[in-house]
Structure formats: structure tokens, C-alpha cells
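Colleague: Next up, coords.tsv (TSV, C-alpha atoms and all ligand atoms).
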```tsv
chain	number	residue	atom	x	y	z
A	13	MET	CA	0.00	0.00	0.00
A	14	ALA	CA	1.21	3.49	-0.81
A	15	ARG	CA	-0.39	6.89	-0.40
A	16	PHE	CA	-0.22	9.78	-2.86
A	17	THR	CA	-1.47	13.09	-1.49
A	18	LEU	CA	-1.73	16.50	-3.14
A	19	PRO	CA	-3.74	19.67	-2.49
A	20	ARG	CA	-7.41	19.45	-3.54
A	21	ASP	CA	-6.94	22.39	-5.95
A	22	ILE	CA	-3.82	23.80	-7.59
A	23	TYR	CA	-4.47	27.05	-9.45
A	24	HIS	CA	-1.60	27.98	-11.75
A	25	GLY	CA	-0.69	30.50	-14.40
A	26	LYS	CA	-0.51	34.28	-14.49
A	27	GLY	CA	-3.24	36.01	-12.55
A	28	SER	CA	-4.27	32.87	-10.66
A	29	LEU	CA	-3.89	34.83	-7.42
A	30	ALA	CA	-7.38	36.19	-8.15
A	31	GLU	CA	-8.76	32.69	-7.50
A	32	LEU	CA	-8.65	33.66	-3.80
A	33	ARG	CA	-12.05	35.19	-4.58
A	34	THR	CA	-13.47	31.69	-4.94
A	35	LEU	CA	-12.60	30.57	-1.38
A	36	ARG	CA	-15.73	30.10	0.71
A	37	GLY	CA	-15.55	31.02	4.38
A	38	SER	CA	-16.00	33.83	6.86
A	39	LYS	CA	-12.57	34.62	8.33
A	40	ALA	CA	-9.12	34.43	6.74
A	41	PHE	CA	-5.85	34.63	8.68
A	42	VAL	CA	-3.03	35.71	6.36
A	43	VAL	CA	0.58	34.76	7.24
A	44	VAL	CA	3.35	36.62	5.42
A	45	GLY	CA	7.12	37.17	5.69
A	46	GLY	CA	9.45	40.13	5.72
A	47	GLY	CA	7.90	42.65	3.36
A	48	SER	CA	8.61	41.93	-0.32
A	49	MET	CA	5.05	40.72	-0.90
A	50	LYS	CA	3.76	43.96	0.63
A	51	ARG	CA	6.27	46.08	-1.31
A	52	PHE	CA	5.29	44.57	-4.64
A	53	GLY	CA	1.58	45.02	-3.89
A	54	PHE	CA	0.69	41.31	-3.69
A	55	LEU	CA	-0.36	41.46	-0.04
A	56	ASP	CA	-2.88	44.22	-0.82
A	57	LYS	CA	-4.27	42.08	-3.63
A	58	VAL	CA	-4.60	39.08	-1.31
A	59	GLU	CA	-6.52	41.18	1.19
A	60	GLN	CA	-8.73	42.67	-1.48
A	61	TYR	CA	-9.57	39.28	-3.08
A	62	LEU	CA	-10.39	37.72	0.30
A	63	LYS	CA	-12.66	40.65	1.16
A	64	GLU	CA	-14.35	40.25	-2.22
A	65	ALA	CA	-14.96	36.63	-1.18
A	66	GLY	CA	-16.86	38.06	1.78
A	67	MET	CA	-14.24	37.26	4.40
A	68	GLU	CA	-12.99	39.21	7.36
A	69	VAL	CA	-9.17	39.34	7.10
A	70	ARG	CA	-6.44	39.47	9.73
A	71	LEU	CA	-2.75	39.79	8.83
A	72	PHE	CA	0.18	38.16	10.62
A	73	GLU	CA	3.29	39.85	9.21
A	74	GLY	CA	7.03	39.55	9.67
A	75	VAL	CA	7.69	35.78	9.79
A	76	GLU	CA	11.51	35.56	9.78
A	77	PRO	CA	13.66	33.28	7.57
A	78	ASP	CA	14.08	29.89	9.31
A	79	PRO	CA	10.94	30.54	11.41
A	80	SER	CA	11.21	29.89	15.14
A	81	VAL	CA	9.04	27.99	17.60
A	82	GLU	CA	8.19	31.34	19.26
A	83	THR	CA	6.86	32.79	16.00
A	84	VAL	CA	4.77	29.65	15.48
A	85	MET	CA	3.33	29.90	19.01
A	86	ARG	CA	2.60	33.62	18.62
A	87	GLY	CA	0.82	32.95	15.34
A	88	ALA	CA	-1.18	30.08	16.81
A	89	ALA	CA	-2.28	32.27	19.74
A	90	ALA	CA	-3.39	35.01	17.32
A	91	MET	CA	-5.33	32.38	15.36
A	92	ARG	CA	-7.07	31.11	18.50
A	93	GLU	CA	-8.11	34.67	19.26
A	94	PHE	CA	-9.37	35.37	15.70
A	95	GLN	CA	-10.87	31.89	14.98
A	96	PRO	CA	-10.28	31.78	11.19
A	97	ASP	CA	-11.79	29.11	8.94
A	98	TRP	CA	-9.11	29.79	6.31
A	99	ILE	CA	-5.37	30.14	6.79
A	100	VAL	CA	-3.72	31.80	3.81
A	101	SER	CA	0.09	31.98	3.66
A	102	ILE	CA	2.03	33.88	1.04
A	103	GLY	CA	5.77	34.21	0.42
A	104	GLY	CA	8.86	32.00	0.40
A	105	GLY	CA	9.18	28.71	2.24
A	106	SER	CA	9.45	30.34	5.67
A	107	PRO	CA	6.01	32.00	6.13
A	108	ILE	CA	4.26	28.99	4.57
A	109	ASP	CA	6.15	26.50	6.77
A	110	ALA	CA	5.45	28.66	9.84
A	111	ALA	CA	1.74	28.87	8.97
A	112	LYS	CA	1.54	25.06	8.61
A	113	ALA	CA	2.88	24.63	12.16
A	114	MET	CA	0.65	27.45	13.52
A	115	TRP	CA	-2.30	25.58	12.03
A	116	VAL	CA	-1.51	22.46	14.11
A	117	PHE	CA	-1.21	24.46	17.35
A	118	TYR	CA	-4.36	26.43	16.51
A	119	GLU	CA	-6.37	23.23	16.24
A	120	TYR	CA	-4.47	21.34	18.98
A	121	PRO	CA	-3.11	23.82	21.58
A	122	GLU	CA	-2.09	20.96	23.91
A	123	THR	CA	0.28	19.37	21.38
A	124	SER	CA	4.04	19.63	21.97
A	125	PHE	CA	6.74	20.10	19.35
A	126	ASP	CA	8.29	16.81	20.44
A	127	GLU	CA	5.08	14.97	19.55
A	128	LEU	CA	5.04	16.59	16.10
A	129	CYS	CA	8.58	15.43	15.42
A	130	VAL	CA	7.37	11.84	15.01
A	131	PRO	CA	6.83	11.68	11.22
A	132	PHE	CA	3.33	10.99	9.93
A	133	HIS	CA	1.67	10.93	13.38
A	134	PHE	CA	-0.15	14.27	13.44
A	135	PRO	CA	-3.65	14.71	14.85
A	136	THR	CA	-6.41	15.12	12.24
A	137	LEU	CA	-6.48	18.70	10.99
A	138	ARG	CA	-9.29	20.69	9.29
A	139	THR	CA	-11.54	20.61	12.35
A	140	LYS	CA	-11.31	24.44	12.43
A	141	ALA	CA	-9.66	25.73	9.26
A	142	ARG	CA	-8.47	24.90	5.79
A	143	PHE	CA	-5.15	26.01	4.34
A	144	CYS	CA	-4.16	27.91	1.19
A	145	ALA	CA	-0.50	28.43	0.22
A	146	ILE	CA	0.84	30.94	-2.32
A	147	PRO	CA	4.59	30.59	-3.07
A	148	SER	CA	6.69	33.57	-4.20
A	149	THR	CA	9.90	31.58	-4.76
A	150	SER	CA	10.45	28.67	-7.16
A	151	GLY	CA	12.06	25.96	-5.06
A	152	THR	CA	10.73	24.56	-1.79
A	153	ALA	CA	7.28	23.70	-3.21
A	154	THR	CA	5.97	23.80	0.34
A	155	GLU	CA	2.60	24.82	-1.21
A	156	VAL	CA	2.08	21.18	-2.20
A	157	THR	CA	4.17	19.22	0.31
A	158	ALA	CA	3.58	17.46	3.61
A	159	PHE	CA	6.63	19.16	5.17
A	160	SER	CA	7.51	22.14	7.33
A	161	VAL	CA	10.83	23.08	8.93
A	162	ILE	CA	10.74	25.00	12.22
A	163	THR	CA	13.82	26.10	14.19
A	164	ASP	CA	14.21	26.02	17.96
A	165	ASP	CA	16.60	28.95	18.44
A	166	ALA	CA	17.28	28.13	22.09
A	167	LYS	CA	18.41	24.58	21.30
A	168	GLY	CA	19.83	25.40	17.86
A	169	VAL	CA	17.79	22.51	16.44
A	170	LYS	CA	15.71	22.34	13.28
A	171	TYR	CA	12.46	20.39	13.57
A	172	PRO	CA	11.51	18.81	10.26
A	173	LEU	CA	7.75	18.22	10.53
A	174	ALA	CA	6.21	15.71	8.12
A	175	ASP	CA	2.60	14.63	7.78
A	176	PHE	CA	0.03	14.56	4.97
A	177	ASN	CA	-2.33	16.49	7.29
A	178	ILE	CA	-0.27	19.63	6.58
A	179	THR	CA	-0.41	19.22	2.81
A	180	PRO	CA	-2.33	22.40	1.90
A	181	ASP	CA	-5.93	22.28	0.62
A	182	VAL	CA	-5.36	24.90	-2.05
A	183	ALA	CA	-2.12	25.99	-3.76
A	184	ILE	CA	-1.95	29.07	-5.95
A	185	VAL	CA	1.10	28.91	-8.21
A	186	ASP	CA	1.07	32.35	-9.83
A	187	PRO	CA	4.36	33.05	-11.68
A	188	GLU	CA	3.95	36.83	-11.36
A	189	LEU	CA	5.03	36.49	-7.72
A	190	ALA	CA	8.22	34.61	-8.67
A	191	GLU	CA	9.17	37.31	-11.16
A	192	THR	CA	10.15	39.47	-8.18
A	193	MET	CA	12.94	37.05	-7.08
A	194	PRO	CA	16.51	38.40	-7.04
A	195	LYS	CA	19.05	36.59	-9.25
A	196	LYS	CA	20.89	34.62	-6.60
A	197	LEU	CA	17.66	33.41	-4.99
A	198	THR	CA	16.51	32.26	-8.44
A	199	ALA	CA	19.68	30.16	-8.84
A	200	HIS	CA	19.61	28.62	-5.36
A	201	THR	CA	15.89	27.82	-5.24
A	202	GLY	CA	16.06	26.43	-8.79
A	203	MET	CA	18.85	24.00	-7.92
A	204	ASP	CA	16.93	23.00	-4.78
A	205	ALA	CA	14.00	22.11	-7.06
A	206	LEU	CA	16.29	20.11	-9.40
A	207	THR	CA	17.63	18.21	-6.39
A	208	HIS	CA	14.06	17.48	-5.22
A	209	ALA	CA	13.16	16.00	-8.61
A	210	ILE	CA	16.35	13.92	-9.01
A	211	GLU	CA	16.29	12.62	-5.42
A	212	ALA	CA	12.57	11.77	-5.72
A	213	TYR	CA	13.20	9.86	-8.97
A	214	VAL	CA	15.89	7.62	-7.46
A	215	SER	CA	14.31	7.38	-3.97
A	216	THR	CA	13.44	3.95	-2.60
A	217	MET	CA	9.90	5.35	-2.16
A	218	HIS	CA	9.44	6.40	-5.80
A	219	CYS	CA	6.42	4.98	-7.63
A	220	GLU	CA	4.49	5.17	-10.91
A	221	TYR	CA	2.65	8.22	-9.60
A	222	THR	CA	5.77	10.22	-8.68
A	223	ASP	CA	8.08	9.25	-11.60
A	224	PRO	CA	6.39	11.27	-14.38
A	225	LEU	CA	6.25	14.37	-12.19
A	226	ALA	CA	9.93	14.07	-11.31
A	227	LEU	CA	11.07	13.48	-14.90
A	228	HIS	CA	9.05	16.33	-16.37
A	229	ALA	CA	10.27	18.67	-13.63
A	230	ILE	CA	13.90	17.72	-14.40
A	231	GLU	CA	13.36	18.40	-18.10
A	232	LEU	CA	11.76	21.80	-17.46
A	233	ILE	CA	14.42	22.86	-14.95
A	234	SER	CA	17.31	21.75	-17.18
A	235	ALA	CA	15.78	23.71	-20.07
A	236	ASN	CA	14.77	26.89	-18.20
A	237	LEU	CA	16.78	27.57	-15.05
A	238	ALA	CA	19.78	29.33	-16.62
A	239	ALA	CA	17.53	31.54	-18.76
A	240	SER	CA	15.37	32.36	-15.73
A	241	TYR	CA	18.55	33.31	-13.81
A	242	ASN	CA	19.51	35.61	-16.67
A	243	GLY	CA	16.19	37.45	-16.54
A	244	ASP	CA	14.05	35.63	-19.13
A	245	MET	CA	10.62	35.91	-17.53
A	246	ALA	CA	8.96	33.27	-19.74
A	247	ALA	CA	11.59	30.82	-18.45
A	248	ARG	CA	11.00	32.11	-14.90
A	249	ASP	CA	7.30	31.29	-15.30
A	250	LYS	CA	8.14	27.72	-16.43
A	251	MET	CA	10.39	27.30	-13.40
A	252	HIS	CA	7.49	28.16	-11.08
A	253	ASP	CA	5.49	25.24	-12.48
A	254	ALA	CA	8.55	22.95	-12.60
A	255	GLN	CA	9.38	23.41	-8.92
A	256	CYS	CA	5.76	22.65	-8.03
A	257	LEU	CA	5.82	19.41	-10.07
A	258	ALA	CA	9.06	18.47	-8.30
A	259	GLY	CA	7.30	19.16	-5.00
A	260	MET	CA	4.41	16.88	-5.89
A	261	ALA	CA	6.95	14.14	-6.61
A	262	PHE	CA	9.11	14.48	-3.50
A	263	SER	CA	6.25	15.07	-1.06
A	264	ASN	CA	5.19	11.52	-1.91
A	265	ALA	CA	8.50	9.85	-2.88
A	266	LEU	CA	10.67	11.61	-0.25
A	267	LEU	CA	14.31	12.61	-0.77
A	268	GLY	CA	17.87	11.35	-0.27
A	269	ILE	CA	21.29	12.12	1.21
A	270	THR	CA	21.94	15.34	-0.74
A	271	HIS	CA	19.26	16.81	1.49
A	272	SER	CA	20.59	15.02	4.59
A	273	MET	CA	23.97	16.67	3.97
A	274	ALA	CA	22.47	20.11	3.19
A	275	HIS	CA	20.39	19.98	6.40
A	276	LYS	CA	23.29	19.08	8.66
A	277	THR	CA	25.97	21.31	7.12
A	278	GLY	CA	23.64	24.32	6.70
A	279	ALA	CA	24.18	25.91	10.12
A	280	ALA	CA	27.13	23.86	11.43
A	281	PHE	CA	29.99	26.31	10.85
A	282	SER	CA	30.83	29.67	12.45
A	283	GLY	CA	31.76	31.39	9.15
A	284	GLY	CA	28.13	31.55	8.06
A	285	HIS	CA	25.22	29.43	6.84
A	286	ILE	CA	25.45	27.39	3.65
A	287	VAL	CA	22.19	28.32	1.92
A	288	HIS	CA	19.99	25.24	1.38
A	289	GLY	CA	19.79	25.41	-2.42
A	290	ALA	CA	23.50	26.17	-2.84
A	291	ALA	CA	24.41	23.24	-0.58
A	292	ASN	CA	22.25	20.87	-2.63
A	293	ALA	CA	23.75	22.21	-5.86
A	294	MET	CA	27.32	21.62	-4.67
A	295	TYR	CA	26.66	18.15	-3.21
A	296	LEU	CA	24.40	16.68	-5.90
A	297	PRO	CA	27.13	15.67	-8.44
A	298	LYS	CA	29.09	13.87	-5.70
A	299	VAL	CA	25.99	12.14	-4.37
A	300	ILE	CA	25.03	10.93	-7.86
A	301	ARG	CA	28.48	9.32	-8.23
A	302	PHE	CA	28.24	7.74	-4.76
A	303	ASN	CA	24.71	6.42	-5.24
A	304	ALA	CA	25.59	5.06	-8.69
A	305	GLY	CA	27.67	2.47	-6.82
A	306	GLU	CA	24.29	0.77	-6.35
A	307	PRO	CA	23.38	-0.73	-9.78
A	308	GLU	CA	19.64	-0.03	-9.51
A	309	ALA	CA	20.29	3.63	-8.67
A	310	ALA	CA	22.79	3.93	-11.52
A	311	GLU	CA	20.13	2.66	-13.92
A	312	ARG	CA	17.64	5.27	-12.61
A	313	TYR	CA	20.16	8.10	-13.14
A	314	ALA	CA	20.80	6.77	-16.65
A	315	GLN	CA	17.05	6.91	-17.32
A	316	ILE	CA	17.04	10.59	-16.31
A	317	ALA	CA	20.02	11.28	-18.61
A	318	ARG	CA	18.27	9.54	-21.52
A	319	PHE	CA	15.04	11.42	-20.82
A	320	ILE	CA	16.76	14.79	-21.20
A	321	HIS	CA	18.69	13.59	-24.27
A	322	LEU	CA	22.19	13.52	-22.80
A	323	LYS	CA	24.78	11.57	-24.76
A	324	GLY	CA	26.03	8.16	-23.67
A	325	GLU	CA	25.69	4.46	-24.50
A	326	THR	CA	26.38	2.58	-21.29
A	327	THR	CA	24.81	3.20	-17.89
A	328	ALA	CA	28.16	4.49	-16.59
A	329	GLU	CA	28.47	6.98	-19.47
A	330	LEU	CA	24.94	8.22	-18.92
A	331	VAL	CA	25.50	8.66	-15.17
A	332	GLU	CA	28.64	10.71	-15.93
A	333	ALA	CA	26.67	12.75	-18.49
A	334	LEU	CA	24.10	13.60	-15.81
A	335	VAL	CA	26.84	14.58	-13.35
A	336	ASN	CA	28.35	16.76	-16.08
A	337	ARG	CA	24.98	18.40	-16.79
A	338	VAL	CA	24.54	19.32	-13.09
A	339	ASN	CA	28.10	20.74	-13.04
A	340	GLU	CA	27.34	22.69	-16.18
A	341	MET	CA	24.19	24.16	-14.62
A	342	ASN	CA	26.11	25.18	-11.48
A	343	ALA	CA	28.67	26.94	-13.68
A	344	GLU	CA	25.91	28.77	-15.58
A	345	LEU	CA	24.40	29.89	-12.27
A	346	ASP	CA	27.69	31.03	-10.71
A	347	ILE	CA	27.42	28.39	-7.95
A	348	PRO	CA	30.83	27.03	-6.87
A	349	SER	CA	31.52	23.31	-7.17
A	350	ARG	CA	32.89	22.84	-3.65
A	351	ILE	CA	32.35	24.19	-0.10
A	352	LYS	CA	35.92	25.56	0.02
A	353	ASP	CA	34.97	28.18	-2.61
A	354	TYR	CA	31.53	28.97	-1.16
A	355	GLU	CA	30.97	32.73	-0.70
A	356	GLY	CA	34.66	33.50	-1.03
A	357	GLY	CA	35.74	30.78	1.41
A	358	ILE	CA	33.65	31.58	4.52
A	359	ILE	CA	33.71	27.94	5.67
A	360	ASP	CA	37.06	27.47	7.38
A	361	GLU	CA	38.98	24.30	6.43
A	362	LYS	CA	40.25	23.57	9.96
A	363	GLU	CA	36.81	23.98	11.53
A	364	PHE	CA	35.26	21.85	8.77
A	365	MET	CA	37.70	18.99	9.41
A	366	GLU	CA	37.23	19.22	13.19
A	367	LYS	CA	33.46	19.04	12.96
A	368	LEU	CA	33.39	16.51	10.10
A	369	PRO	CA	32.90	13.27	12.12
A	370	ARG	CA	29.98	14.74	14.10
A	371	VAL	CA	28.35	16.35	11.04
A	372	ALA	CA	28.72	13.08	9.12
A	373	GLU	CA	27.05	11.16	11.91
A	374	LEU	CA	24.18	13.66	12.07
A	375	ALA	CA	23.75	13.53	8.28
A	376	VAL	CA	23.46	9.73	8.36
A	377	GLY	CA	20.76	10.13	11.03
A	378	ASP	CA	18.80	12.74	9.03
A	379	ALA	CA	15.19	11.92	8.10
A	380	CYS	CA	16.08	12.02	4.37
A	381	THR	CA	18.69	9.24	4.58
A	382	GLY	CA	16.08	6.50	4.93
A	383	SER	CA	14.82	6.79	1.33
A	384	ASN	CA	18.27	7.18	-0.27
A	385	PRO	CA	18.90	4.40	-2.83
A	386	ARG	CA	22.28	3.41	-1.37
A	387	ARG	CA	23.03	2.70	2.30
A	388	ILE	CA	25.79	4.82	3.80
A	389	THR	CA	27.95	4.49	6.92
A	390	PRO	CA	29.19	7.48	8.96
A	391	ALA	CA	32.72	6.82	7.64
A	392	GLN	CA	31.52	6.85	4.02
A	393	MET	CA	29.51	10.00	4.75
A	394	ALA	CA	32.60	11.70	6.15
A	395	GLU	CA	34.50	10.83	2.94
A	396	LEU	CA	31.65	12.13	0.80
A	397	LEU	CA	31.45	15.41	2.74
A	398	LYS	CA	35.21	15.78	2.53
A	399	SER	CA	35.03	15.48	-1.24
A	400	CYS	CA	32.27	18.13	-1.21
A	401	TYR	CA	34.68	20.46	0.59
A	402	PHE	CA	37.82	19.85	-1.46
A	403	ASP	CA	37.06	18.38	-4.88
A	404	LYS	CA	36.54	20.87	-7.67
A	405	GLU	CA	34.28	19.71	-10.50
A	406	THR	CA	35.16	20.43	-14.09
A	407	VAL	CA	32.68	20.73	-16.92
A	408	LYS	CA	33.33	18.57	-19.98
A	409	LYS	CA	32.19	20.06	-23.27
B	501	FE	FE	15.10	21.19	-0.56
```
Output the file's structure in the form of C-alpha cells.
Ligand code: FE

Modeller:
Amino acid sequence: MARFTLPRDIYHGKGSLAELRTLRGSKAFVVVGGGSMKRFGFLDKVEQYLKEAGMEVRLFEGVEPDPSVETVMRGAAAMREFQPDWIVSIGGGSPIDAAKAMWVFYEYPETSFDELCVPFHFPTLRTKARFCAIPSTSGTATEVTAFSVITDDAKGVKYPLADFNITPDVAIVDPELAETMPKKLTAHTGMDALTHAIEAYVSTMHCEYTDPLALHAIELISANLAASYNGDMAARDKMHDAQCLAGMAFSNALLGITHSMAHKTGAAFSGGHIVHGAANAMYLPKVIRFNAGEPEAAERYAQIARFIHLKGETTAELVEALVNRVNEMNAELDIPSRIKDYEGGIIDEKEFMEKLPRVAELAVGDACTGSNPRRITPAQMAELLKSCYFDKETVKK
């Protein structure tokens, strides 16, 4: 038995934001981030459309990047006071992830974060409100996924929450919002989406329902990401759909060790954070080579390479062609090929080597490791991470 869960409605295409007018309810609680959605006028539109739908609207503004437990609790308290029957979240991954967690504590105030950390054991939601998500970046696809990441600042721990109960009811994938993304964010979120699609395709949890979504997303991202980065807005629009398709795939097929490594290296070093999408982009070529040591996984990577018309006869040639394509994309997007060169070398070599055994152990224990197509020991993980720090990738023409 397997389960495949998506939002009930996914509105997409330019102007689809206006579909907010079709929501039926009496009170909408709107969760939003730092201010870009307000600055570009999208927040006003959201308010206006919800009012046209006959709803009373309350805003919850200023959700920070990597949203904290405190923000979630504050939002949930405001929801309990307002009693919405719709929760509408708009912005990047952070406000939408925060709103998902607020939703749980709104409906179940007695729940603890520790209880929510057990994957796929949430209480039944939708006893008070339904959930609509509107993404402004093209990467996390949280608008269609069963996931939310919340940070406990006091403990310095990230809680990855996972349950189909928090898969939104309605997603509005309007590319006009993504057209406001700065260049670097476009590159990083785009490579995050590519990693979602590739990891979902080779995951041990992949199935007939997730494979076509993953493959088509890979094709669209390979064809459009560089152009989107360079300001081609038609390509940017395609990327918004592509990341959502990748999200539909990985929400149901789960991910692999590229994500395990990105999660555990992200905030581990004093020089600065390694941004999620950039980490995935740097690690993915190395992970493909490692996983290809498992013949079934190698065959799956070869299928991806064939699907996007890369050259090669044997499985090994096709795997290398896929690695080369990812390296080529990183080069086009000005993403370095190793941690040593990340942001001008902010991750110190000595500190990296000192922390390596612990980080490797944590990465093996990450929730995403379970669905990776090849088993990995902490020692192998340490080697793999070391190669991510030191080994420069070259692009073959
Ligand atoms: Fe990701």
C-alpha cells in the first residue's frame, strides 16, 4: 500500500492569485514574511480578493527566515483569538512553513513540538480551518508538500515536521510572484528544485505516480533555469510550475542524502550558513556518483540522462553525463563546485575537518537518509562530505 497526497486544488498561471475570490468562508488569517510581498503590492491584492470573497481578514506579518518555535506559538495564539476558517500563507518557504505549524497548534493547543517530530503521526487537521498556500519563490514547493521546517533557536535545532495532514488544501502557483525574485535566490531555489526532482526519482519510495512528475520537472528545470537566472521571464514562469511538479513528486516519494547533507551542514559552521539550495547544488554531483555504486540507482540516473537527451551508451556513461549536466548548470548559475569556494571561502577548512565526524554522523541520522537508494555508513559519509569540501568539479564540453 502506498499513499499519494496533493492539495485538492492547484491554481496555476498568471493572474491565478485572483482565485482567492473563490474561497468560501467567513474569516481568513493571512501569514506573510518580511515585506517583499507587501512592497510589490501582492499582499494588498490578497486582502482585497479575500474581502471580495466576503471574508474578514487578519494579517500576521514579519515571519523571519528559518521561522522559530516562538513565532509559530505567537501565530497560533493570534489564530485562537481570531478563529479563522481559512489560513492563507504567502511568500517564500518560511512563512508557509510557519503557517503550517501554527495551524496544528491552533487546532491542537495541547500538542508539543516533540510529539510533532514523530513523522506521519499528526492529529487530524481541518476541524477548524483549511489552508491555502501561495509561493513567491520557485524551489521549496511547500505549497504542495507534507513538510515544514521549524527552528528552535534556544536549542539550535531544526524540527523537520512531516505529515500529509499539513499538505495544503489549495495551492496558488502564480508566476507573477516569482518574477520578483533576485538573481541569486533564483539560482539557489532552482537548484533545490532540481535536487528534489532527481532525489525523488531515485528514492526507494518512488512509484508510478511520482516518476512522471519528477522526470518532467527535471526536463523543465534543465531547459529553463539558466535563462530564468539571466532574466528571461517566460523561463522564470516555467520554473514556477517545474518546482511545483518536483514538490508533488518528492512530497510523496521523499528525498535522499543530498538533502541530509544540506540539512546538517547548513548551520554547522561559524563562518556563516550554507544556503539550502546552494548546498544541494554543490553536493548533488558527488551524491550521484556515490549512489551510482548501487546498480539499480545507476540505472535510474541513466534513465534521467536519456530522458533529457544527454549523450552516452552505457549506464556508466549516462551517469557521468548527468553529473556533467549538473556541473554545467552550477557553472551557468555562478554556484561554486565545492564548499571551500563557497561565498569566497567563509567555511574554514580547519573547523570543517574538526566538525566533520559529528556532522557526518548527524547527516546519516537525518530523516532524508532512509529513502536514499544506497546505504551509507558514517565513515563513508565523512569521505563524501570531505570530497564536497575539497574536490573541484570540471565541466566537460
Ligand atoms: Fe530542498

Colleague: Please report, as a tab-separated table, each residue of range 204-234 of chain A lying at most 12 Å from range 376-384 of chain A, together with the nearest pair of atoms and the separation in Å rounded to one decimal; use only C-alpha atoms, and order rows by chain and ascending residue number.

Modeller:
```
residue	atom	partner	partner_atom	distance
A:His208	CA	A:Cys380	CA	11.2
A:Ile210	CA	A:Asn384	CA	11.2
A:Glu211	CA	A:Asn384	CA	7.7
A:Ala212	CA	A:Ser383	CA	8.9
A:Tyr213	CA	A:Asn384	CA	10.4
A:Val214	CA	A:Asn384	CA	7.6
A:Ser215	CA	A:Ser383	CA	5.4
A:Thr216	CA	A:Ser383	CA	5.0
A:Met217	CA	A:Ser383	CA	6.2
A:His218	CA	A:Ser383	CA	8.9
```

Colleague: Suppose you want the space between CA of Leu18 in chain A and CA of Lys140 in chain A; what is it in Å?

Modeller: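 Separating CA of Leu18 in chain A from CA of Lys140 in chain A is a distance of 19.9 Å.
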
Colleague: May I ask which of the residues A:Leu397, A:Ala205, A:Ala40, A:Met85 is the closest one to ligand FE 501 (chain B), counting only C-alpha atoms and all ligand atoms?

Modeller: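 Selected residue with least distance to ligand FE 501 (chain B): A:Ala205.
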
Colleague: Collect all residues with atoms no farther than 12 Å from ligand FE 501 (chain B), counting all atoms listed in the file, and output them as a VMD selection string.

Modeller: chain A and resid 105 150 to 154 157 159 to 161 172 200 to 212 255 258 to 259 262 to 263 266 to 275 278 287 to 293 296 380

Colleague: Nearest residue to Leu173 in chain A out of A:Tyr23, A:Phe134, A:Phe281, A:Phe117, using all atoms listed in the file?

Modeller: A:Phe134

Colleague: For range 23-33 of chain A, what centre and edge lengths in Å (one decimal) does the axis-aligned box get once 6 Å is added on each side of all its listed atoms, as AutoDock Vina command-line options?

Modeller:
```
--center_x -6.3 --center_y 31.6 --center_z -9.1 --size_x 23.5 --size_y 21.1 --size_z 22.7
```

Colleague: Write out as a list in words each polymer residue whose atoms come within 6 Å of range 66-78 of chain A, counting only C-alpha atoms; drop sequence neighbours fewer than 6 positions from it.

Modeller: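 The residues that qualify are Ser38, Lys39, Ala40, Phe41, Val42, Val43, Val44, Gly45, Gly46, Ser106 and Pro107 of chain A.
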
Colleague: Name the closest residue to Ala333 in chain A among the candidates A:Ser148, A:Gln315, A:Thr139, A:Thr277; distances are taken between atoms, counting all atoms listed in the file.

Modeller: A:Gln315

Colleague: Between A:Leu334, A:Asn342, A:Leu225, A:Gly284, which residue has the minimum interatomic distance to Ala238 in chain A, considering all atoms listed in the file?

Modeller: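 Among the listed residues, the smallest separation from Ala238 in chain A belongs to A:Asn342.
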
Colleague: Closest to Leu189 in chain A among A:Asp249, A:Glu329, A:Asp403, A:Glu119, using all atoms listed in the file?

Modeller: A:Asp249

Colleague: Excluding Glu188 in chain A and its own-chain neighbours fewer than 2 positions away, which residues fall within 8 Å of it when counting only C-alpha atoms? Please give them as a count of residues only.

Modeller: 7

Colleague: Could you check how far CA of Met294 in chain A sits from CA of Ile358 in chain A, in Å to one decimal?

Modeller: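 Value for the CA of Met294 in chain A-CA of Ile358 in chain A distance: 15.0 Å.
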
Colleague: Please indicate the distance in Å from CA of Pro131 in chain A to CA of Gly305 in chain A, rounded to one decimal place.

Modeller: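 Going from CA of Pro131 in chain A over to CA of Gly305 in chain A, I get 29.1 Å.
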
Colleague: I need the residue nearest Val182 in chain A from this list: A:Glu361, A:Glu405, A:Glu231, A:Glu31. Use only C-alpha atoms for the distance.

Modeller: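 Residue with the minimum atom-to-atom distance to Val182 in chain A: A:Glu31.
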
Colleague: Within 12 Å of (28.8, 3.2, 4.7), in the coordinates the file gives, what residues turn up when you count all atoms listed in the file, written out as a short mmCIF file (atom, residue, chain, number, x, y, z; two decimals) with C-alpha atoms, keeping the file's coordinate frame?

Modeller:
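The resulting file, result-v7.cif, is shown below:
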```cif
data_model
loop_
_atom_site.label_atom_id
_atom_site.label_comp_id
_atom_site.auth_asym_id
_atom_site.auth_seq_id
_atom_site.Cartn_x
_atom_site.Cartn_y
_atom_site.Cartn_z
CA PHE A 302 28.24 7.74 -4.76
CA ASN A 303 24.71 6.42 -5.24
CA GLY A 305 27.67 2.47 -6.82
CA ALA A 372 28.72 13.08 9.12
CA GLU A 373 27.05 11.16 11.91
CA VAL A 376 23.46 9.73 8.36
CA THR A 381 18.69 9.24 4.58
CA ARG A 386 22.28 3.41 -1.37
CA ARG A 387 23.03 2.70 2.30
CA ILE A 388 25.79 4.82 3.80
CA THR A 389 27.95 4.49 6.92
CA PRO A 390 29.19 7.48 8.96
CA ALA A 391 32.72 6.82 7.64
CA GLN A 392 31.52 6.85 4.02
CA MET A 393 29.51 10.00 4.75
CA ALA A 394 32.60 11.70 6.15
CA GLU A 395 34.50 10.83 2.94
CA LEU A 396 31.65 12.13 0.80
#
```
